[in-house]
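The file query.txt contains compact mmCIF, C-alpha atoms:
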```
# COMPACT_ATOMS: atom_id res chain seq x y z
CA MET Q 9 0.00 0.00 0.00
CA GLU Q 10 1.32 3.39 -0.96
CA THR Q 11 1.94 5.70 1.98
CA VAL Q 12 0.56 9.20 1.66
CA ALA Q 13 3.06 11.78 2.88
CA ALA Q 14 1.84 14.11 5.60
CA PRO Q 15 1.31 17.66 4.32
CA THR Q 16 4.09 20.05 5.16
CA VAL Q 17 3.64 23.24 7.12
CA ARG Q 18 4.16 25.13 3.87
CA ASP Q 19 1.44 23.09 2.13
CA ILE Q 20 -1.04 23.87 4.91
CA ALA Q 21 -0.20 27.58 4.89
CA ALA Q 22 -0.38 27.83 1.12
CA ASN Q 23 -4.04 26.85 1.17
CA SER Q 24 -5.30 28.85 4.14
CA LEU Q 25 -4.73 32.36 5.43
CA ALA Q 26 -6.33 31.21 8.69
CA ALA Q 27 -3.55 28.62 9.04
CA VAL Q 28 -0.95 31.30 8.39
CA ARG Q 29 -2.30 33.23 11.37
CA VAL Q 30 -2.03 30.18 13.62
CA PHE Q 31 1.57 29.55 12.51
CA GLU Q 32 2.46 33.19 13.09
CA LYS Q 33 0.87 33.04 16.54
CA PHE Q 34 3.14 30.16 17.54
CA GLY Q 35 6.26 31.32 15.69
CA ILE Q 36 6.19 28.41 13.24
CA ASP Q 37 8.11 29.13 10.03
CA TYR Q 38 5.70 28.37 7.19
CA CYS Q 39 7.82 29.87 4.45
CA CYS Q 40 11.50 29.10 3.93
CA GLY Q 41 11.60 26.54 6.73
CA GLY Q 42 8.16 25.12 6.12
CA LYS Q 43 9.06 22.03 4.11
CA ARG Q 44 8.58 19.61 7.04
CA PRO Q 45 5.48 17.89 8.45
CA LEU Q 46 3.71 19.76 11.22
CA ALA Q 47 4.35 16.96 13.74
CA ASP Q 48 8.11 17.26 13.23
CA VAL Q 49 8.06 21.01 13.68
CA CYS Q 50 5.92 20.77 16.81
CA ARG Q 51 8.23 18.16 18.29
CA GLU Q 52 11.24 20.37 17.70
CA LYS Q 53 9.59 23.42 19.24
CA GLY Q 54 8.09 21.55 22.18
CA TYR Q 55 4.48 22.01 21.10
CA ASP Q 56 1.71 19.44 21.39
CA ALA Q 57 0.96 18.60 17.77
CA ALA Q 58 -2.65 17.66 18.51
CA SER Q 59 -3.29 21.04 20.16
CA ILE Q 60 -1.77 22.95 17.24
CA GLN Q 61 -3.76 20.84 14.79
CA GLY Q 62 -6.89 21.58 16.80
CA GLU Q 63 -6.27 25.32 16.50
CA LEU Q 64 -5.67 24.92 12.77
CA ASP Q 65 -8.87 22.94 12.30
CA ALA Q 66 -10.91 25.47 14.28
CA ALA Q 67 -9.41 28.44 12.45
CA MET Q 68 -9.92 26.94 9.01
CA ALA Q 69 -13.45 25.73 9.76
CA ALA Q 70 -14.66 28.98 11.26
CA ALA Q 71 -17.28 30.47 9.01
CA SER Q 72 -18.21 34.11 8.99
CA ASP Q 73 -21.48 35.00 10.70
CA ALA Q 74 -24.53 35.02 8.50
CA GLU Q 75 -25.31 38.47 7.18
CA ARG Q 76 -27.65 40.29 9.53
CA ASP Q 77 -30.11 43.06 8.91
CA TRP Q 78 -28.80 45.87 11.11
CA SER Q 79 -31.41 48.43 10.10
CA ALA Q 80 -33.60 47.76 13.15
CA SER Q 81 -31.06 46.60 15.75
CA PRO Q 82 -30.31 48.94 18.66
CA LEU Q 83 -27.45 51.26 17.73
CA SER Q 84 -25.51 50.11 20.77
CA VAL Q 85 -25.64 46.52 19.48
CA LEU Q 86 -24.51 47.59 16.01
CA ILE Q 87 -21.65 49.59 17.51
CA GLU Q 88 -20.59 46.62 19.63
CA HIS Q 89 -20.58 44.47 16.49
CA ILE Q 90 -18.48 47.00 14.59
CA VAL Q 91 -15.94 47.26 17.41
CA THR Q 92 -15.66 43.57 18.26
CA THR Q 93 -15.72 42.38 14.66
CA HIS Q 94 -14.18 45.03 12.43
CA HIS Q 95 -12.09 47.16 14.81
CA GLU Q 96 -10.58 44.10 16.46
CA TYR Q 97 -9.92 42.58 13.05
CA LEU Q 98 -7.89 45.65 12.10
CA ARG Q 99 -5.95 45.61 15.37
CA GLN Q 100 -4.99 41.99 14.75
CA GLU Q 101 -4.40 42.06 11.02
CA LEU Q 102 -2.72 45.40 10.32
CA PRO Q 103 0.46 44.47 12.28
CA ALA Q 104 0.45 40.97 10.75
CA ILE Q 105 0.20 42.33 7.21
CA GLU Q 106 2.89 44.90 8.02
CA GLN Q 107 5.31 42.15 9.06
CA ARG Q 108 4.65 40.08 5.93
CA LEU Q 109 5.04 43.15 3.74
CA GLU Q 110 8.37 44.07 5.34
CA LYS Q 111 9.75 40.60 4.66
CA VAL Q 112 8.43 40.28 1.11
CA TYR Q 113 9.49 43.79 0.12
CA ARG Q 114 13.03 43.37 1.50
CA VAL Q 115 13.68 39.89 0.07
CA TYR Q 116 12.06 40.30 -3.34
CA ASN Q 117 13.59 43.68 -4.08
CA GLN Q 118 17.00 42.17 -3.35
CA ARG Q 119 16.46 39.04 -5.42
CA TYR Q 120 14.31 40.16 -8.33
CA GLY Q 121 14.61 43.92 -8.61
CA PRO Q 122 11.85 46.49 -8.05
CA THR Q 123 8.88 44.72 -6.46
CA LEU Q 124 5.62 46.21 -5.16
CA THR Q 125 7.04 49.70 -5.53
CA GLY Q 126 5.22 52.18 -3.35
CA LEU Q 127 3.25 49.59 -1.39
CA PRO Q 128 5.01 50.08 1.98
CA GLU Q 129 4.33 53.82 1.90
CA VAL Q 130 0.67 53.44 0.96
CA PHE Q 131 0.09 50.70 3.51
CA ASP Q 132 1.89 52.58 6.30
CA GLY Q 133 -0.26 55.63 5.62
CA LEU Q 134 -3.44 53.56 5.65
CA LYS Q 135 -2.45 51.77 8.86
CA ALA Q 136 -1.62 55.02 10.67
CA GLU Q 137 -4.85 56.67 9.58
CA LEU Q 138 -6.98 53.68 10.56
CA GLU Q 139 -5.41 53.37 14.00
CA THR Q 140 -6.24 57.01 14.76
CA HIS Q 141 -9.67 56.61 13.17
CA LEU Q 142 -10.61 53.69 15.44
CA MET Q 143 -9.56 55.62 18.52
CA LYS Q 144 -11.69 58.66 17.59
CA GLU Q 145 -14.73 56.51 16.94
CA GLU Q 146 -14.40 54.49 20.15
CA ARG Q 147 -13.59 57.42 22.44
CA ILE Q 148 -15.75 60.19 20.97
CA LEU Q 149 -18.37 59.34 18.36
CA PHE Q 150 -19.60 55.92 19.43
CA PRO Q 151 -20.08 56.82 23.13
CA ALA Q 152 -22.07 59.88 22.07
CA ILE Q 153 -24.38 57.81 19.88
CA VAL Q 154 -24.94 55.28 22.67
CA ALA Q 155 -25.62 58.13 25.13
CA PHE Q 156 -28.23 59.57 22.74
CA GLU Q 157 -29.94 56.21 22.40
CA ASN Q 158 -29.93 55.63 26.17
CA ALA Q 159 -31.37 59.07 26.87
CA ILE Q 160 -34.20 58.54 24.43
CA SER Q 161 -34.95 55.09 25.88
CA ILE Q 162 -35.63 56.63 29.29
CA GLY Q 163 -37.30 59.79 28.04
CA GLN Q 164 -34.47 62.17 28.91
CA PRO Q 165 -33.10 65.09 26.84
CA LEU Q 166 -30.11 64.34 24.65
CA PRO Q 167 -26.83 64.96 26.49
CA ARG Q 168 -24.72 67.89 25.35
CA THR Q 169 -21.56 67.09 23.40
CA PRO Q 170 -18.35 69.09 22.89
CA PHE Q 171 -18.68 68.82 19.12
CA GLY Q 172 -22.20 70.21 18.68
CA THR Q 173 -24.32 68.13 16.36
CA VAL Q 174 -23.36 64.50 15.83
CA ALA Q 175 -23.12 65.27 12.12
CA ASN Q 176 -19.78 67.03 12.71
CA PRO Q 177 -17.73 63.98 13.77
CA ILE Q 178 -19.70 61.80 11.37
CA HIS Q 179 -18.64 63.93 8.41
CA MET Q 180 -15.04 63.70 9.59
CA MET Q 181 -15.27 59.91 9.79
CA GLU Q 182 -16.82 59.77 6.33
CA ASP Q 183 -13.95 61.83 4.91
CA GLU Q 184 -11.49 59.40 6.49
CA HIS Q 185 -13.42 56.48 5.03
CA GLU Q 186 -13.04 58.07 1.62
CA SER Q 187 -9.29 58.38 2.17
CA ALA Q 188 -9.09 54.72 3.20
CA GLY Q 189 -11.00 53.73 0.08
CA GLN Q 190 -8.51 55.59 -2.08
CA ALA Q 191 -5.62 53.82 -0.34
CA LEU Q 192 -7.26 50.44 -0.91
CA ALA Q 193 -7.67 51.22 -4.60
CA ARG Q 194 -3.99 52.20 -4.81
CA ILE Q 195 -2.96 48.96 -3.07
CA ARG Q 196 -5.00 46.93 -5.56
CA GLN Q 197 -3.34 48.82 -8.41
CA ILE Q 198 0.20 48.30 -7.09
CA THR Q 199 -0.38 44.58 -6.50
CA ALA Q 200 -2.10 44.05 -9.87
CA ASP Q 201 -5.27 42.84 -8.13
CA PHE Q 202 -3.29 40.93 -5.48
CA ALA Q 203 -1.46 38.80 -8.03
CA VAL Q 204 1.20 36.33 -6.87
CA PRO Q 205 4.12 35.74 -9.30
CA GLU Q 206 5.09 32.19 -10.22
CA TYR Q 207 8.17 32.49 -8.03
CA GLY Q 208 6.22 33.92 -5.08
CA CYS Q 209 6.68 32.11 -1.77
CA VAL Q 210 4.04 31.28 0.82
CA THR Q 211 4.67 34.56 2.64
CA TYR Q 212 4.06 36.46 -0.60
CA LYS Q 213 0.82 34.55 -1.09
CA ALA Q 214 -0.21 35.22 2.51
CA LEU Q 215 0.52 38.93 2.03
CA MET Q 216 -1.71 39.12 -1.04
CA SER Q 217 -4.46 37.09 0.64
CA GLY Q 218 -4.27 39.34 3.68
CA LEU Q 219 -4.52 42.50 1.61
CA ASP Q 220 -7.46 41.07 -0.33
CA GLU Q 221 -9.23 40.19 2.92
CA LEU Q 222 -8.41 43.61 4.39
CA GLU Q 223 -10.11 45.28 1.45
CA ARG Q 224 -13.23 43.12 1.78
CA ASP Q 225 -13.47 43.63 5.54
CA LEU Q 226 -12.99 47.39 5.28
CA HIS Q 227 -15.64 47.63 2.59
CA MET Q 228 -18.16 45.90 4.90
CA HIS Q 229 -16.95 47.96 7.89
CA ILE Q 230 -17.42 51.23 6.02
CA HIS Q 231 -20.80 50.11 4.67
CA LEU Q 232 -22.11 49.43 8.18
CA GLU Q 233 -21.04 52.88 9.34
CA ASN Q 234 -21.71 55.09 6.33
CA ASN Q 235 -24.94 53.47 5.19
CA ILE Q 236 -26.54 52.28 8.43
CA LEU Q 237 -25.05 53.58 11.68
CA PHE Q 238 -24.38 57.20 10.74
CA PRO Q 239 -27.72 57.95 9.01
CA ARG Q 240 -29.63 56.34 11.89
CA ALA Q 241 -27.64 58.35 14.46
CA GLU Q 242 -28.35 61.60 12.60
CA ARG Q 243 -32.07 60.77 12.38
CA LEU Q 244 -32.10 59.92 16.09
CA GLU Q 245 -30.64 63.30 16.97
CA ALA Q 246 -32.85 65.22 14.55
CA ALA Q 247 -36.01 63.61 15.92
CA ARG Q 248 -35.36 65.06 19.39
CA GLN Q 249 -34.40 68.60 18.40
```
Taking this structure as input, can you express it in the form of structure tokens?
Amino acid sequence: METVAAPTVRDIAANSLAAVRVFEKFGIDYCCGGKRPLADVCREKGYDAASIQGELDAAMAAASDAERDWSASPLSVLIEHIVTTHHEYLRQELPAIEQRLEKVYRVYNQRYGPTLTGLPEVFDGLKAELETHLMKEERILFPAIVAFENAISIGQPLPRTPFGTVANPIHMMEDEHESAGQALARIRQITADFAVPEYGCVTYKALMSGLDELERDLHMHIHLENNILFPRAERLEAARQ
């Protein structure tokens, strides 16, 4: 009977961005040193192979939540969803993408000449803007919206805010969303729609997959805010003035 070789760490990573995240979490080299079976790598690093495999299985099997109609949910619930789903995603993934980009950009420019020219600058700008953006939403805008909703639920006047009408910070957030959208379009242009060259390694593939996923997540994130949360918050305020 022919023995089927166990898949290598590199094979697993090449087919799943979720697996890449697990390997990065545990410091397992899935790129240049990823040509060995997972059990061998775990043994060398002192990890329980079954536990690592369990994390891999869970990560790769996890399906995204079914799309929900947020038009009638309490604004506080929608905000919690945005923070725990999309803001936390960015906090986890932006540094991970940054590390992959640094490695790919350094190695491939040395080996093959100009590669992904301009991508580090565009990504760094996007990352910096998003990190500040999240902080402003979580510390200023979102608490104000929740306070409005709570006041209305108990029949109290809307609390005063330091920024006047809620439309003021909302318009600022919308402008920043527009800037993020332009950066995403530039990233797609630089990467030729997230293409991986024939000689691209697993890290290169993970970088492109991560950027593709970042674009999709940000599009949904911005949709929930621009098209649902912000208009509802403005209508809530206007109804009590």
Give me the residues within 9 Å of stretch 100-104 of chain Q as number ranges by chain, counting all atoms listed in the file and dropping any in the same chain fewer than 5 places off. Q: 29, 32, 95, 109, 135, 215, 218, 222
With only C-alpha atoms as the counted atoms, please give the residues lying no more than 9 Å from Q:Glu233, apart from itself and same-chain residues fewer than 5 positions off, as a list in words.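 After dropping sequence-adjacent residues, the list is Ile87, Ile90, Glu182, Met228, Phe238 and Pro239 of chain Q.
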Excluding Q:Val154 and residues on its chain fewer than 5 positions from it, collect all residues at most 10 Å away from it, counting all atoms listed in the file, and give them as a list in words.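 Contacts, with the query itself left out: Pro82, Leu83, Ser84, Val85, Ile87, Leu149, Ala159, Ile160 and Ala241 of chain Q.
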Among listed residues Q:Arg194, Q:Lys111, Q:His185, Q:Arg76, nearest Q:Glu129 (using only C-alpha atoms):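 For Q:Glu129, the nearest of the candidates is Q:Arg194.
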Between atom CA of Q:Ser217 and atom CA of Q:Leu25, distance in Å (one decimal):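 These atoms are spaced 6.7 Å apart.
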Given the choices Q:Ile153, Q:Ile105, Q:Leu166, Q:Val91, which gets closest to Q:Ala214 if the distance is worked out from only C-alpha atoms?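 Looking at the shortest contact to Q:Ala214, the residue is Q:Ile105.
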Taking (7.7, 50.4, 1.4) in the file's coordinates as the center, which residues reach within 12 Å of it, counting all atoms listed in the file, put as a ChimeraX atom specification? /Q:106-114,116-117,122-133,195,198
Give me, please, the distance in Å between atom CA of Q:Val17 and atom CA of Q:Arg44, quoted to one decimal.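 Spanning atom CA of Q:Val17 to atom CA of Q:Arg44 is a straight-line distance of 6.1 Å.
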Please, what distance in Å, to one decimal, runs between atom CA of Q:Leu86 and atom CA of Q:Ile236?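 These two atoms are separated by 9.1 Å.
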How big is the axis-aligned box around the listed atoms of stretch 117-134 of chain Q once 5 Å is added on each side, and where is its centre? Give both in Å to one decimal, as lines of an AutoDock Vina configuration file.
```
center_x = 6.8
center_y = 47.3
center_z = -1.2
size_x = 30.4
size_y = 26.6
size_z = 24.9
```
Residues within 12 Å of Q:Asp220, all atoms listed in the file, excluding chain neighbours under 3 positions, as a PyMOL selection string: chain Q and resi 25+101+105+192-193+195-197+199-204+213-217+223-227
Could you model N, CA and C atoms for stretch 97-111 of chain Q and present them as a PDB file, in the coordinates of the input?
```pdb
ATOM      1  N   TYR Q  97     -10.564  43.164  14.234  1.00  0.00           N
ATOM      2  CA  TYR Q  97      -9.920  42.580  13.050  1.00  0.00           C
ATOM      3  C   TYR Q  97      -8.747  43.452  12.610  1.00  0.00           C
ATOM      4  N   LEU Q  98      -8.962  44.748  12.523  1.00  0.00           N
ATOM      5  CA  LEU Q  98      -7.890  45.650  12.100  1.00  0.00           C
ATOM      6  C   LEU Q  98      -6.731  45.642  13.085  1.00  0.00           C
ATOM      7  N   ARG Q  99      -7.036  45.614  14.372  1.00  0.00           N
ATOM      8  CA  ARG Q  99      -5.950  45.610  15.370  1.00  0.00           C
ATOM      9  C   ARG Q  99      -5.114  44.330  15.277  1.00  0.00           C
ATOM     10  N   GLN Q 100      -5.729  43.241  14.900  1.00  0.00           N
ATOM     11  CA  GLN Q 100      -4.990  41.990  14.750  1.00  0.00           C
ATOM     12  C   GLN Q 100      -4.258  41.920  13.412  1.00  0.00           C
ATOM     13  N   GLU Q 101      -4.924  42.318  12.354  1.00  0.00           N
ATOM     14  CA  GLU Q 101      -4.400  42.060  11.020  1.00  0.00           C
ATOM     15  C   GLU Q 101      -3.450  43.122  10.479  1.00  0.00           C
ATOM     16  N   LEU Q 102      -3.630  44.375  10.837  1.00  0.00           N
ATOM     17  CA  LEU Q 102      -2.720  45.400  10.320  1.00  0.00           C
ATOM     18  C   LEU Q 102      -1.262  45.118  10.688  1.00  0.00           C
ATOM     19  N   PRO Q 103      -0.943  44.796  11.957  1.00  0.00           N
ATOM     20  CA  PRO Q 103       0.460  44.470  12.280  1.00  0.00           C
ATOM     21  C   PRO Q 103       0.943  43.205  11.575  1.00  0.00           C
ATOM     22  N   ALA Q 104       0.059  42.214  11.414  1.00  0.00           N
ATOM     23  CA  ALA Q 104       0.450  40.970  10.750  1.00  0.00           C
ATOM     24  C   ALA Q 104       0.780  41.226   9.282  1.00  0.00           C
ATOM     25  N   ILE Q 105      -0.059  41.996   8.612  1.00  0.00           N
ATOM     26  CA  ILE Q 105       0.200  42.330   7.210  1.00  0.00           C
ATOM     27  C   ILE Q 105       1.481  43.150   7.098  1.00  0.00           C
ATOM     28  N   GLU Q 106       1.682  44.074   8.021  1.00  0.00           N
ATOM     29  CA  GLU Q 106       2.890  44.900   8.020  1.00  0.00           C
ATOM     30  C   GLU Q 106       4.145  44.044   8.091  1.00  0.00           C
ATOM     31  N   GLN Q 107       4.144  43.027   8.930  1.00  0.00           N
ATOM     32  CA  GLN Q 107       5.310  42.150   9.060  1.00  0.00           C
ATOM     33  C   GLN Q 107       5.558  41.352   7.785  1.00  0.00           C
ATOM     34  N   ARG Q 108       4.490  40.825   7.185  1.00  0.00           N
ATOM     35  CA  ARG Q 108       4.650  40.080   5.930  1.00  0.00           C
ATOM     36  C   ARG Q 108       5.170  41.000   4.829  1.00  0.00           C
ATOM     37  N   LEU Q 109       4.628  42.204   4.765  1.00  0.00           N
ATOM     38  CA  LEU Q 109       5.040  43.150   3.740  1.00  0.00           C
ATOM     39  C   LEU Q 109       6.511  43.505   3.888  1.00  0.00           C
ATOM     40  N   GLU Q 110       6.967  43.731   5.117  1.00  0.00           N
ATOM     41  CA  GLU Q 110       8.370  44.070   5.340  1.00  0.00           C
ATOM     42  C   GLU Q 110       9.281  42.969   4.809  1.00  0.00           C
ATOM     43  N   LYS Q 111       8.928  41.723   5.092  1.00  0.00           N
ATOM     44  CA  LYS Q 111       9.750  40.600   4.660  1.00  0.00           C
ATOM     45  C   LYS Q 111       9.740  40.440   3.146  1.00  0.00           C
TER      46      LYS Q 111
END
```
